[in-house]
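Participant: What follows is query32.cif; its format and atoms are mmCIF, C-alpha atoms.
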data_coords
loop_
_atom_site.label_atom_id
_atom_site.label_comp_id
_atom_site.auth_asym_id
_atom_site.auth_seq_id
_atom_site.Cartn_x
_atom_site.Cartn_y
_atom_site.Cartn_z
CA MET A 39 14.04 -6.16 -13.68
CA ASP A 40 13.58 -8.10 -10.47
CA TRP A 41 11.17 -5.97 -8.48
CA ASN A 42 9.97 -8.64 -6.04
CA SER A 43 13.12 -10.11 -4.42
CA LEU A 44 14.22 -9.09 -0.97
CA LEU A 45 17.91 -8.28 -0.48
CA SER A 46 19.87 -11.33 0.55
CA PRO A 47 23.39 -12.77 0.28
CA ASP A 48 21.81 -16.10 -0.75
CA PRO A 49 21.56 -16.34 -4.58
CA HIS A 50 18.86 -18.99 -4.21
CA LEU A 51 16.49 -16.53 -2.54
CA LEU A 52 15.52 -14.74 -5.72
CA PHE A 53 11.85 -14.38 -6.51
CA SER A 54 12.55 -15.32 -10.12
CA ARG A 55 12.91 -18.93 -8.87
CA TYR A 56 9.29 -18.80 -7.68
CA SER A 57 7.59 -17.13 -10.63
CA LYS A 58 8.52 -15.92 -14.11
CA ARG A 59 5.48 -13.66 -14.36
CA TYR A 60 5.81 -9.89 -14.50
CA PHE A 61 2.77 -9.66 -12.20
CA PRO A 62 3.11 -12.82 -10.05
CA HIS A 63 0.31 -14.41 -8.09
CA ALA A 64 0.08 -13.36 -4.44
CA ASP A 65 0.41 -16.99 -3.31
CA ASP A 66 3.89 -17.11 -4.85
CA LEU A 67 4.97 -14.18 -2.70
CA VAL A 68 3.60 -15.87 0.44
CA ARG A 69 5.59 -19.01 -0.40
CA TYR A 70 8.72 -16.96 -1.06
CA LEU A 71 8.46 -15.08 2.25
CA ALA A 72 7.93 -18.33 4.15
CA ASP A 73 11.07 -19.83 2.61
CA PHE A 74 12.98 -16.62 3.29
CA ALA A 75 12.03 -16.73 6.98
CA GLU A 76 12.99 -20.40 7.21
CA ALA A 77 16.34 -19.90 5.46
CA PHE A 78 17.46 -17.31 8.02
CA LYS A 79 15.71 -18.95 10.99
CA LEU A 80 13.87 -15.74 11.77
CA ASP A 81 12.29 -15.61 15.22
CA ILE A 82 8.68 -14.95 14.26
CA ALA A 83 5.68 -15.31 16.56
CA TYR A 84 2.86 -16.40 14.25
CA ASP A 85 -0.85 -16.09 15.09
CA THR A 86 0.02 -13.11 17.26
CA ARG A 87 -1.81 -9.81 16.99
CA VAL A 88 -0.66 -6.65 18.74
CA GLU A 89 -3.48 -5.02 20.67
CA ARG A 90 -1.69 -2.34 22.66
CA ILE A 91 1.60 -0.41 22.58
CA ARG A 92 2.73 1.82 25.41
CA ARG A 93 6.00 3.58 26.19
CA ASP A 94 7.87 4.52 29.38
CA GLU A 95 11.40 5.61 30.25
CA ASP A 96 12.71 2.06 29.65
CA GLY A 97 11.25 1.65 26.17
CA PHE A 98 8.17 0.03 24.67
CA THR A 99 5.79 -2.61 25.96
CA VAL A 100 3.79 -4.47 23.32
CA THR A 101 0.79 -6.51 24.50
CA ASP A 102 -0.66 -9.20 22.23
CA GLN A 103 -4.13 -10.76 22.12
CA HIS A 104 -3.04 -13.48 24.55
CA GLY A 105 -2.03 -10.91 27.17
CA HIS A 106 1.67 -11.59 26.69
CA GLU A 107 3.99 -8.60 26.95
CA HIS A 108 7.01 -8.02 24.72
CA ARG A 109 9.48 -5.33 25.79
CA ALA A 110 12.13 -3.50 23.79
CA ARG A 111 14.09 -0.27 23.88
CA ARG A 112 13.21 0.37 20.27
CA LEU A 113 10.24 -0.65 18.15
CA VAL A 114 10.00 -1.11 14.37
CA MET A 115 6.52 -1.01 12.82
CA ALA A 116 6.29 -2.90 9.53
CA THR A 117 2.53 -3.48 9.47
CA GLY A 118 1.81 -1.89 6.12
CA LEU A 119 -1.41 -0.03 5.33
CA THR A 120 -4.15 -2.18 6.82
CA ARG A 121 -6.97 0.18 7.75
CA PRO A 122 -9.47 1.14 5.01
CA ASN A 123 -9.13 4.78 4.00
CA THR A 124 -12.86 5.44 4.17
CA PRO A 125 -13.99 8.89 3.00
CA ASP A 126 -16.21 11.01 5.22
CA ILE A 127 -19.47 10.55 3.30
CA PRO A 128 -22.85 10.24 5.05
CA GLY A 129 -24.10 6.67 4.70
CA ILE A 130 -20.79 5.26 3.43
CA GLU A 131 -20.95 2.58 6.13
CA THR A 132 -23.83 0.93 4.24
CA ALA A 133 -21.65 0.31 1.20
CA GLU A 134 -19.28 -2.63 0.64
CA ASP A 135 -15.54 -2.27 1.14
CA TYR A 136 -12.94 -3.42 -1.38
CA SER A 137 -11.20 -5.55 1.26
CA ALA A 138 -14.33 -7.64 1.89
CA VAL A 139 -16.49 -7.52 -1.25
CA SER A 140 -16.97 -10.68 -3.30
CA VAL A 141 -14.68 -11.13 -6.32
CA ASP A 142 -17.14 -13.48 -8.07
CA PRO A 143 -18.44 -11.57 -11.13
CA GLU A 144 -21.56 -13.76 -11.27
CA GLU A 145 -22.83 -12.10 -8.08
CA PHE A 146 -23.07 -8.82 -10.03
CA THR A 147 -24.93 -10.13 -13.08
CA ASP A 148 -27.30 -7.46 -14.47
CA ARG A 149 -26.58 -5.17 -11.53
CA ARG A 150 -25.95 -1.44 -11.57
CA VAL A 151 -22.66 -0.92 -9.72
CA LEU A 152 -21.02 2.22 -8.37
CA ILE A 153 -17.32 2.04 -7.49
CA ILE A 154 -16.03 4.92 -5.36
CA GLY A 155 -12.35 5.58 -6.05
CA LYS A 156 -10.14 5.91 -9.13
CA GLY A 157 -6.98 4.04 -8.23
CA ASN A 158 -5.77 0.57 -9.14
CA SER A 159 -8.11 -1.19 -6.71
CA ALA A 160 -11.14 0.61 -8.16
CA LEU A 161 -10.29 -0.07 -11.79
CA GLU A 162 -9.22 -3.64 -11.02
CA THR A 163 -12.67 -4.18 -9.49
CA ALA A 164 -14.37 -2.57 -12.49
CA ASP A 165 -12.42 -4.73 -14.95
CA ASN A 166 -13.50 -7.83 -13.06
CA LEU A 167 -17.18 -6.92 -13.43
CA VAL A 168 -17.26 -5.73 -17.06
CA GLU A 169 -18.59 -9.00 -18.46
CA THR A 170 -21.48 -9.41 -16.00
CA ALA A 171 -22.64 -6.07 -14.59
CA ALA A 172 -25.33 -4.09 -16.40
CA VAL A 173 -23.81 -0.68 -15.65
CA ILE A 174 -20.56 0.29 -13.92
CA HIS A 175 -19.80 3.83 -12.78
CA VAL A 176 -16.38 4.69 -11.33
CA ALA A 177 -16.52 7.91 -9.33
CA GLY A 178 -14.07 10.25 -7.65
CA PRO A 179 -13.28 13.95 -7.26
CA HIS A 180 -10.16 13.88 -9.48
CA SER A 181 -9.40 12.67 -12.98
CA ILE A 182 -7.60 9.36 -13.34
CA ARG A 183 -3.82 9.61 -13.38
CA MET A 184 -2.02 7.06 -15.54
CA ALA A 185 1.22 5.59 -14.18
CA TRP A 186 2.86 5.73 -17.61
CA ASN A 187 2.31 9.49 -17.62
CA SER A 188 3.04 10.37 -13.99
CA HIS A 189 5.88 7.82 -13.56
CA TYR A 190 4.39 6.85 -10.19
CA VAL A 191 3.59 3.15 -9.96
CA GLY A 192 0.79 3.81 -7.48
CA HIS A 193 -1.27 5.55 -10.16
CA LEU A 194 -3.36 3.52 -12.60
CA ARG A 195 -1.33 0.75 -14.23
CA ALA A 196 -2.00 -0.43 -17.77
CA VAL A 197 -2.84 -3.91 -16.52
CA ASN A 198 -5.93 -2.46 -14.81
CA ASN A 199 -7.19 -0.01 -17.43
CA ASN A 200 -9.27 -2.21 -19.75
CA PHE A 201 -12.39 -0.66 -18.22
CA LEU A 202 -11.47 2.66 -19.83
CA ASP A 203 -12.20 1.21 -23.28
CA THR A 204 -15.77 0.41 -22.29
CA TYR A 205 -16.18 4.05 -21.28
CA GLN A 206 -14.38 5.78 -24.12
CA LEU A 207 -16.04 3.56 -26.74
CA LYS A 208 -19.47 4.62 -25.48
CA SER A 209 -20.48 1.41 -23.74
CA GLN A 210 -22.82 1.38 -20.75
CA ASN A 211 -20.04 2.31 -18.31
CA ALA A 212 -18.78 5.71 -17.21
CA LEU A 213 -16.19 7.64 -15.23
CA LEU A 214 -17.76 10.30 -13.02
CA ASP A 215 -15.69 13.31 -11.98
CA GLY A 216 -17.06 14.88 -8.83
CA ASN A 217 -17.98 14.22 -5.23
CA VAL A 218 -20.26 11.61 -3.71
CA LEU A 219 -22.35 13.67 -1.29
CA SER A 220 -24.31 10.86 0.37
CA VAL A 221 -25.10 7.16 0.13
CA GLU A 222 -28.51 5.94 1.27
CA ARG A 223 -29.92 2.44 1.00
CA ASP A 224 -33.65 2.23 0.40
CA PRO A 225 -35.11 -0.38 2.78
CA ALA A 226 -38.03 -0.96 0.42
CA ASP A 227 -36.07 -2.38 -2.52
CA GLY A 228 -32.48 -2.52 -1.24
CA MET A 229 -31.32 -0.09 -3.93
CA TYR A 230 -28.80 2.63 -3.16
CA ARG A 231 -29.65 6.28 -3.70
CA VAL A 232 -26.42 8.21 -4.26
CA ARG A 233 -26.28 11.99 -4.47
CA PHE A 234 -23.45 13.08 -6.72
CA SER A 235 -22.02 16.52 -7.48
CA PHE A 236 -20.47 16.74 -10.96
CA SER A 237 -17.30 18.84 -10.97
CA ARG A 238 -17.50 19.78 -14.67
CA ALA A 239 -21.16 20.76 -14.75
CA ASP A 240 -21.27 23.80 -12.46
CA GLU A 241 -21.60 21.51 -9.45
CA VAL A 242 -24.86 20.02 -10.70
CA VAL A 243 -26.21 17.53 -8.15
CA LYS A 244 -28.05 14.41 -9.31
CA GLU A 245 -29.41 11.37 -7.51
CA LEU A 246 -28.31 8.09 -9.08
CA ARG A 247 -29.55 4.59 -8.22
CA TYR A 248 -27.45 1.43 -7.90
CA ASP A 249 -27.79 -2.17 -6.80
CA ARG A 250 -24.29 -2.29 -5.32
CA VAL A 251 -21.86 0.36 -4.07
CA ILE A 252 -18.21 -0.60 -3.53
CA VAL A 253 -15.68 1.64 -1.74
CA CYS A 254 -12.19 1.36 -3.26
CA THR A 255 -10.43 4.36 -1.73
CA GLY A 256 -7.22 2.77 -0.52
CA PHE A 257 -5.79 2.07 2.92
CA ARG A 258 -4.01 3.86 5.74
CA PHE A 259 -1.73 3.11 8.66
CA ASP A 260 -3.63 1.81 11.70
CA ALA A 261 -2.43 3.77 14.75
CA SER A 262 -5.22 2.55 17.03
CA VAL A 263 -2.91 0.19 18.96
CA PHE A 264 -0.86 3.04 20.42
CA ASP A 265 -1.54 4.53 23.83
CA PRO A 266 -2.16 8.30 23.61
CA GLY A 267 1.23 8.98 25.19
CA CYS A 268 3.16 7.33 22.35
CA SER A 269 0.94 7.71 19.31
CA PRO A 270 2.94 8.93 16.29
CA THR A 271 2.05 12.14 14.48
CA LEU A 272 0.17 11.36 11.26
CA VAL A 273 0.44 13.20 7.94
CA ILE A 274 -0.88 13.00 4.35
CA ASP A 275 -4.55 12.90 5.35
CA ASP A 276 -3.57 10.84 8.42
CA ARG A 277 -2.53 7.93 6.22
CA PHE A 278 1.12 7.72 7.36
CA ALA A 279 3.25 8.39 10.41
CA GLU A 280 5.49 11.41 9.96
CA LEU A 281 9.11 10.23 9.75
CA SER A 282 12.56 11.70 10.19
CA PRO A 283 15.25 11.03 7.56
CA ALA A 284 16.18 7.98 9.67
CA TYR A 285 12.63 6.55 9.35
CA GLU A 286 11.96 7.35 13.00
CA SER A 287 8.77 8.93 14.29
CA VAL A 288 9.24 12.69 14.61
CA ASN A 289 7.51 12.75 18.01
CA VAL A 290 8.12 9.29 19.53
CA PRO A 291 11.85 8.58 20.00
CA GLY A 292 12.81 4.97 19.35
CA LEU A 293 9.77 4.24 17.16
CA TYR A 294 10.88 3.32 13.62
CA PHE A 295 8.99 2.27 10.50
CA ALA A 296 9.83 -0.24 7.78
CA GLY A 297 8.33 -1.52 4.54
CA THR A 298 5.67 0.39 2.66
CA LEU A 299 5.23 2.75 5.64
CA MET A 300 8.59 4.26 4.67
CA GLN A 301 7.00 5.92 1.62
CA GLN A 302 6.00 8.93 3.72
CA ARG A 303 9.49 10.26 2.94
CA ASP A 304 9.04 10.06 -0.85
CA PHE A 305 5.27 9.80 -1.28
CA LYS A 306 4.37 9.79 -4.99
CA LYS A 307 7.92 10.86 -5.84
CA SER A 308 9.81 7.58 -5.82
CA THR A 309 9.33 3.85 -5.20
CA GLY A 310 9.36 3.74 -1.38
CA GLY A 311 5.88 2.23 -1.26
CA PHE A 312 6.87 -0.93 -3.15
CA ILE A 313 9.27 -3.84 -2.66
CA HIS A 314 11.74 -2.69 -5.30
CA GLY A 315 12.05 0.62 -3.45
CA PHE A 316 11.65 -0.07 0.25
CA ARG A 317 13.98 -3.09 0.22
CA TYR A 318 16.83 -0.58 -0.01
CA ALA A 319 15.29 1.71 2.59
CA VAL A 320 14.95 -1.27 4.96
CA ARG A 321 18.63 -2.03 4.48
CA ALA A 322 19.43 1.60 5.22
CA LEU A 323 17.34 1.43 8.41
CA SER A 324 19.23 -1.67 9.51
CA ARG A 325 22.50 0.21 9.07
CA ILE A 326 21.15 3.26 10.87
CA LEU A 327 20.16 1.13 13.88
CA GLY A 328 23.49 -0.65 13.82
CA GLU A 329 25.43 2.59 13.74
CA ARG A 330 23.32 4.35 16.36
CA HIS A 331 22.91 1.59 18.90
CA HIS A 332 25.34 -1.28 18.23
CA GLU A 333 28.62 0.45 17.31
CA GLN A 334 28.47 -0.91 13.77
CA PRO A 335 29.86 1.69 11.34
CA TRP A 336 28.07 2.29 8.06
CA PRO A 337 29.77 0.24 5.29
CA GLN A 338 32.17 2.42 3.32
CA ARG A 339 35.28 2.44 1.17
CA GLN A 340 37.77 5.13 0.30
CA LEU A 341 37.89 6.53 -3.24
CA GLU A 342 40.48 8.68 -4.90
CA SER A 343 39.30 12.27 -5.20
CA ASP A 344 39.28 12.43 -8.99
CA PRO A 345 36.39 12.35 -11.49
CA ALA A 346 37.39 9.02 -13.08
CA ALA A 347 37.36 7.13 -9.77
CA LEU A 348 34.02 8.63 -8.76
CA THR A 349 32.51 7.82 -12.16
CA ASP A 350 33.71 4.21 -12.04
CA ALA A 351 32.20 3.81 -8.56
CA VAL A 352 28.80 5.16 -9.69
CA VAL A 353 28.76 2.89 -12.77
CA ALA A 354 29.75 -0.14 -10.68
CA GLY A 355 26.98 0.62 -8.17
CA SER A 356 24.39 0.97 -10.94
CA THR A 357 25.42 -2.36 -12.43
CA ALA A 358 25.16 -4.08 -9.04
CA ALA A 359 21.69 -2.63 -8.49
CA ARG A 360 20.42 -4.58 -11.51
CA HIS A 361 21.20 -7.78 -9.64
CA CYS A 362 19.41 -6.97 -6.42
CA GLY A 363 19.52 -10.50 -5.07
CA SER A 364 23.29 -10.81 -5.21
CA SER A 365 25.65 -10.21 -2.34
CA SER A 366 27.24 -7.30 -4.23
CA VAL A 367 24.30 -5.05 -3.43
#
Before we go any further, please render this structure as structure tokens.

Facilitator:
Amino acid sequence: MDWNSLLSPDPHLLFSRYSKRYFPHADDLVRYLADFAEAFKLDIAYDTRVERIRRDEDGFTVTDQHGHEHRARRLVMATGLTRPNTPDIPGIETAEDYSAVSVDPEEFTDRRVLIIGKGNSALETADNLVETAAVIHVAGPHSIRMAWNSHYVGHLRAVNNNFLDTYQLKSQNALLDGNVLSVERDPADGMYRVRFSFSRADEVVKELRYDRVIVCTGFRFDASVFDPGCSPTLVIDDRFAELSPAYESVNVPGLYFAGTLMQQRDFKKSTGGFIHGFRYAVRALSRILGERHHEQPWPQRQLESDPAALTDAVVAGSTAARHCGSSSV
């Protein structure tokens, strides 16, 4: 199963040539993407950050940090989920965020640590600290959902669940089901005082003390660059732009979305949030744009209207899908 390659007619641009690991290192993906861009001579403006997007009757104007303007009739956002999905908890701003916290376990030696969140980022962080921290509590309002049980790869993967053994085998660590009501840092000793409501104890509220509090509650789409007149409607707790079946904003014509932002259409139902899913959705978007705006018909072929021909076509398509890097897909 090649779940990291982008679709390409070039058989050399397969991720399996860069890493044989089931969970490759992030640096390998960066190297792969750089080679992919070079192979197709993609026109990419590096070191360029979009600061403002506005829309008029002629299309979109994108202004970067240098003050340069880029204009287009249509705009495709492929920025991923880059804004921390910070819960509305009093005092949460005093805690450390997953995107910036140190990954050196030695910095947590003999510390009491609270991790807010129960997804892969939270349990990955907990696993990293098991050997050094004195106590680790992982807290959230819902029970952990295992990917092997839910069949959704965004739920907790087995590679990140070693921490569960330290809890189930009665070590010093624990999973807390309930709501963090407030986070307050004591200026006298630097310790955190966290008020927690336990969901399985008749909403009993207790104050717990920690040396470190880490927020691992995921990320959301950053819509702050849009002018009010062209800001897309957000859904799913404002984490994603709401999309039409063509991956177009439902309220901003000409604004399309690609990559992991496409998962709004199949959130927690399919694989649209991950490369092995959205690579096909991106190809579909390319064909949609070609058909709508460039008089390029959707690729097709005629089949005989009998069950055998239809069955053969489905089997052939399934076989081709196993070789995602080949030109047959």

Participant: For each of A:Lys307, A:Arg321, A:Arg247, A:His189, take the minimum atom-to-atom distance to Met229 (chain A), counting only C-alpha atoms, then give the residue where this is smallest.

Facilitator: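 Comparing A:Lys307, A:Arg321, A:Arg247, A:His189 against Met229 (chain A), the winner is A:Arg247.
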
Participant: With a distance cut-off of 12 Å and only C-alpha atoms, select the neighbouring residues of region 316-320 of chain A, excluding the residue or stretch itself and same-chain residues fewer than 6 positions from it, and output the selection as an MDAnalysis selection string.

Facilitator: chainID A and resid 40:46 114:116 118 283:285 294:305 308:310 326:327 359 362:363 367

Participant: Residues of the last selection are to be written out with C-alpha atoms, as a PDB file, in the coordinates of the input.

Facilitator:
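Written file, result-v8.pdb:
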ATOM      1  CA  ASP A  40      13.580  -8.100 -10.470  1.00  0.00           C
ATOM      2  CA  TRP A  41      11.170  -5.970  -8.480  1.00  0.00           C
ATOM      3  CA  ASN A  42       9.970  -8.640  -6.040  1.00  0.00           C
ATOM      4  CA  SER A  43      13.120 -10.110  -4.420  1.00  0.00           C
ATOM      5  CA  LEU A  44      14.220  -9.090  -0.970  1.00  0.00           C
ATOM      6  CA  LEU A  45      17.910  -8.280  -0.480  1.00  0.00           C
ATOM      7  CA  SER A  46      19.870 -11.330   0.550  1.00  0.00           C
ATOM      8  CA  VAL A 114      10.000  -1.110  14.370  1.00  0.00           C
ATOM      9  CA  MET A 115       6.520  -1.010  12.820  1.00  0.00           C
ATOM     10  CA  ALA A 116       6.290  -2.900   9.530  1.00  0.00           C
ATOM     11  CA  GLY A 118       1.810  -1.890   6.120  1.00  0.00           C
ATOM     12  CA  PRO A 283      15.250  11.030   7.560  1.00  0.00           C
ATOM     13  CA  ALA A 284      16.180   7.980   9.670  1.00  0.00           C
ATOM     14  CA  TYR A 285      12.630   6.550   9.350  1.00  0.00           C
ATOM     15  CA  TYR A 294      10.880   3.320  13.620  1.00  0.00           C
ATOM     16  CA  PHE A 295       8.990   2.270  10.500  1.00  0.00           C
ATOM     17  CA  ALA A 296       9.830  -0.240   7.780  1.00  0.00           C
ATOM     18  CA  GLY A 297       8.330  -1.520   4.540  1.00  0.00           C
ATOM     19  CA  THR A 298       5.670   0.390   2.660  1.00  0.00           C
ATOM     20  CA  LEU A 299       5.230   2.750   5.640  1.00  0.00           C
ATOM     21  CA  MET A 300       8.590   4.260   4.670  1.00  0.00           C
ATOM     22  CA  GLN A 301       7.000   5.920   1.620  1.00  0.00           C
ATOM     23  CA  GLN A 302       6.000   8.930   3.720  1.00  0.00           C
ATOM     24  CA  ARG A 303       9.490  10.260   2.940  1.00  0.00           C
ATOM     25  CA  ASP A 304       9.040  10.060  -0.850  1.00  0.00           C
ATOM     26  CA  PHE A 305       5.270   9.800  -1.280  1.00  0.00           C
ATOM     27  CA  SER A 308       9.810   7.580  -5.820  1.00  0.00           C
ATOM     28  CA  THR A 309       9.330   3.850  -5.200  1.00  0.00           C
ATOM     29  CA  GLY A 310       9.360   3.740  -1.380  1.00  0.00           C
ATOM     30  CA  ILE A 326      21.150   3.260  10.870  1.00  0.00           C
ATOM     31  CA  LEU A 327      20.160   1.130  13.880  1.00  0.00           C
ATOM     32  CA  ALA A 359      21.690  -2.630  -8.490  1.00  0.00           C
ATOM     33  CA  CYS A 362      19.410  -6.970  -6.420  1.00  0.00           C
ATOM     34  CA  GLY A 363      19.520 -10.500  -5.070  1.00  0.00           C
ATOM     35  CA  VAL A 367      24.300  -5.050  -3.430  1.00  0.00           C
TER      36      VAL A 367
END

Participant: Would you write out, as JSON lines, a table of all residues in region 240-352 of chain A that have an atom no more than 10 Å from an atom of region 164-174 of chain A, listing for each the closest atom pair and the distance in Å to one decimal, considering all atoms listed in the file and ordering rows by chain and rising residue number?

Facilitator:
{"residue": "A:Tyr248", "atom": "CA", "partner": "A:Val173", "partner_atom": "CA", "distance": 8.8}
{"residue": "A:Asp249", "atom": "CA", "partner": "A:Val173", "partner_atom": "CA", "distance": 9.8}
{"residue": "A:Arg250", "atom": "CA", "partner": "A:Ile174", "partner_atom": "CA", "distance": 9.7}
{"residue": "A:Val251", "atom": "CA", "partner": "A:Ile174", "partner_atom": "CA", "distance": 9.9}
{"residue": "A:Ile252", "atom": "CA", "partner": "A:Ala164", "partner_atom": "CA", "distance": 9.9}

Participant: Which is closest to Ile127 (chain A) among A:Gln338, A:Thr271, A:Ser220, A:Ser356, if we use all atoms listed in the file?

Facilitator: A:Ser220

Participant: For the interface of region 232-315 of chain A with region 91-96 of chain A (cut-off 12 Å, counting only C-alpha atoms), please tabulate each contacting residue of region 232-315 of chain A alongside its nearest pair of atoms and their separation in Å to one decimal, rows sorted by chain and increasing number, as CSV.

Facilitator:
residue,atom,partner,partner_atom,distance
A:Ala261,CA,A:Ile91,CA,9.7
A:Ser262,CA,A:Ile91,CA,9.3
A:Val263,CA,A:Ile91,CA,5.8
A:Phe264,CA,A:Ile91,CA,4.8
A:Asp265,CA,A:Arg92,CA,5.3
A:Pro266,CA,A:Arg92,CA,8.3
A:Gly267,CA,A:Arg93,CA,7.3
A:Cys268,CA,A:Arg93,CA,6.1
A:Ser269,CA,A:Arg92,CA,8.7
A:Pro270,CA,A:Ile91,CA,11.3
A:Val290,CA,A:Arg93,CA,9.0
A:Pro291,CA,A:Arg93,CA,9.9
A:Gly292,CA,A:Arg93,CA,9.8
A:Leu293,CA,A:Arg93,CA,9.8

Participant: Create the file for the chosen residues now, containing C-alpha atoms and written as a PDB file, in the frame of the given file.

Facilitator:
ATOM      1  CA  ALA A 261      -2.430   3.770  14.750  1.00  0.00           C
ATOM      2  CA  SER A 262      -5.220   2.550  17.030  1.00  0.00           C
ATOM      3  CA  VAL A 263      -2.910   0.190  18.960  1.00  0.00           C
ATOM      4  CA  PHE A 264      -0.860   3.040  20.420  1.00  0.00           C
ATOM      5  CA  ASP A 265      -1.540   4.530  23.830  1.00  0.00           C
ATOM      6  CA  PRO A 266      -2.160   8.300  23.610  1.00  0.00           C
ATOM      7  CA  GLY A 267       1.230   8.980  25.190  1.00  0.00           C
ATOM      8  CA  CYS A 268       3.160   7.330  22.350  1.00  0.00           C
ATOM      9  CA  SER A 269       0.940   7.710  19.310  1.00  0.00           C
ATOM     10  CA  PRO A 270       2.940   8.930  16.290  1.00  0.00           C
ATOM     11  CA  VAL A 290       8.120   9.290  19.530  1.00  0.00           C
ATOM     12  CA  PRO A 291      11.850   8.580  20.000  1.00  0.00           C
ATOM     13  CA  GLY A 292      12.810   4.970  19.350  1.00  0.00           C
ATOM     14  CA  LEU A 293       9.770   4.240  17.160  1.00  0.00           C
TER      15      LEU A 293
END

Participant: If you measure from CA of Thr120 (chain A) to CA of Asp260 (chain A), what distance in Å do you get, rounded to one decimal?

Facilitator: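 CA of Thr120 (chain A) sits 6.3 Å away from CA of Asp260 (chain A).
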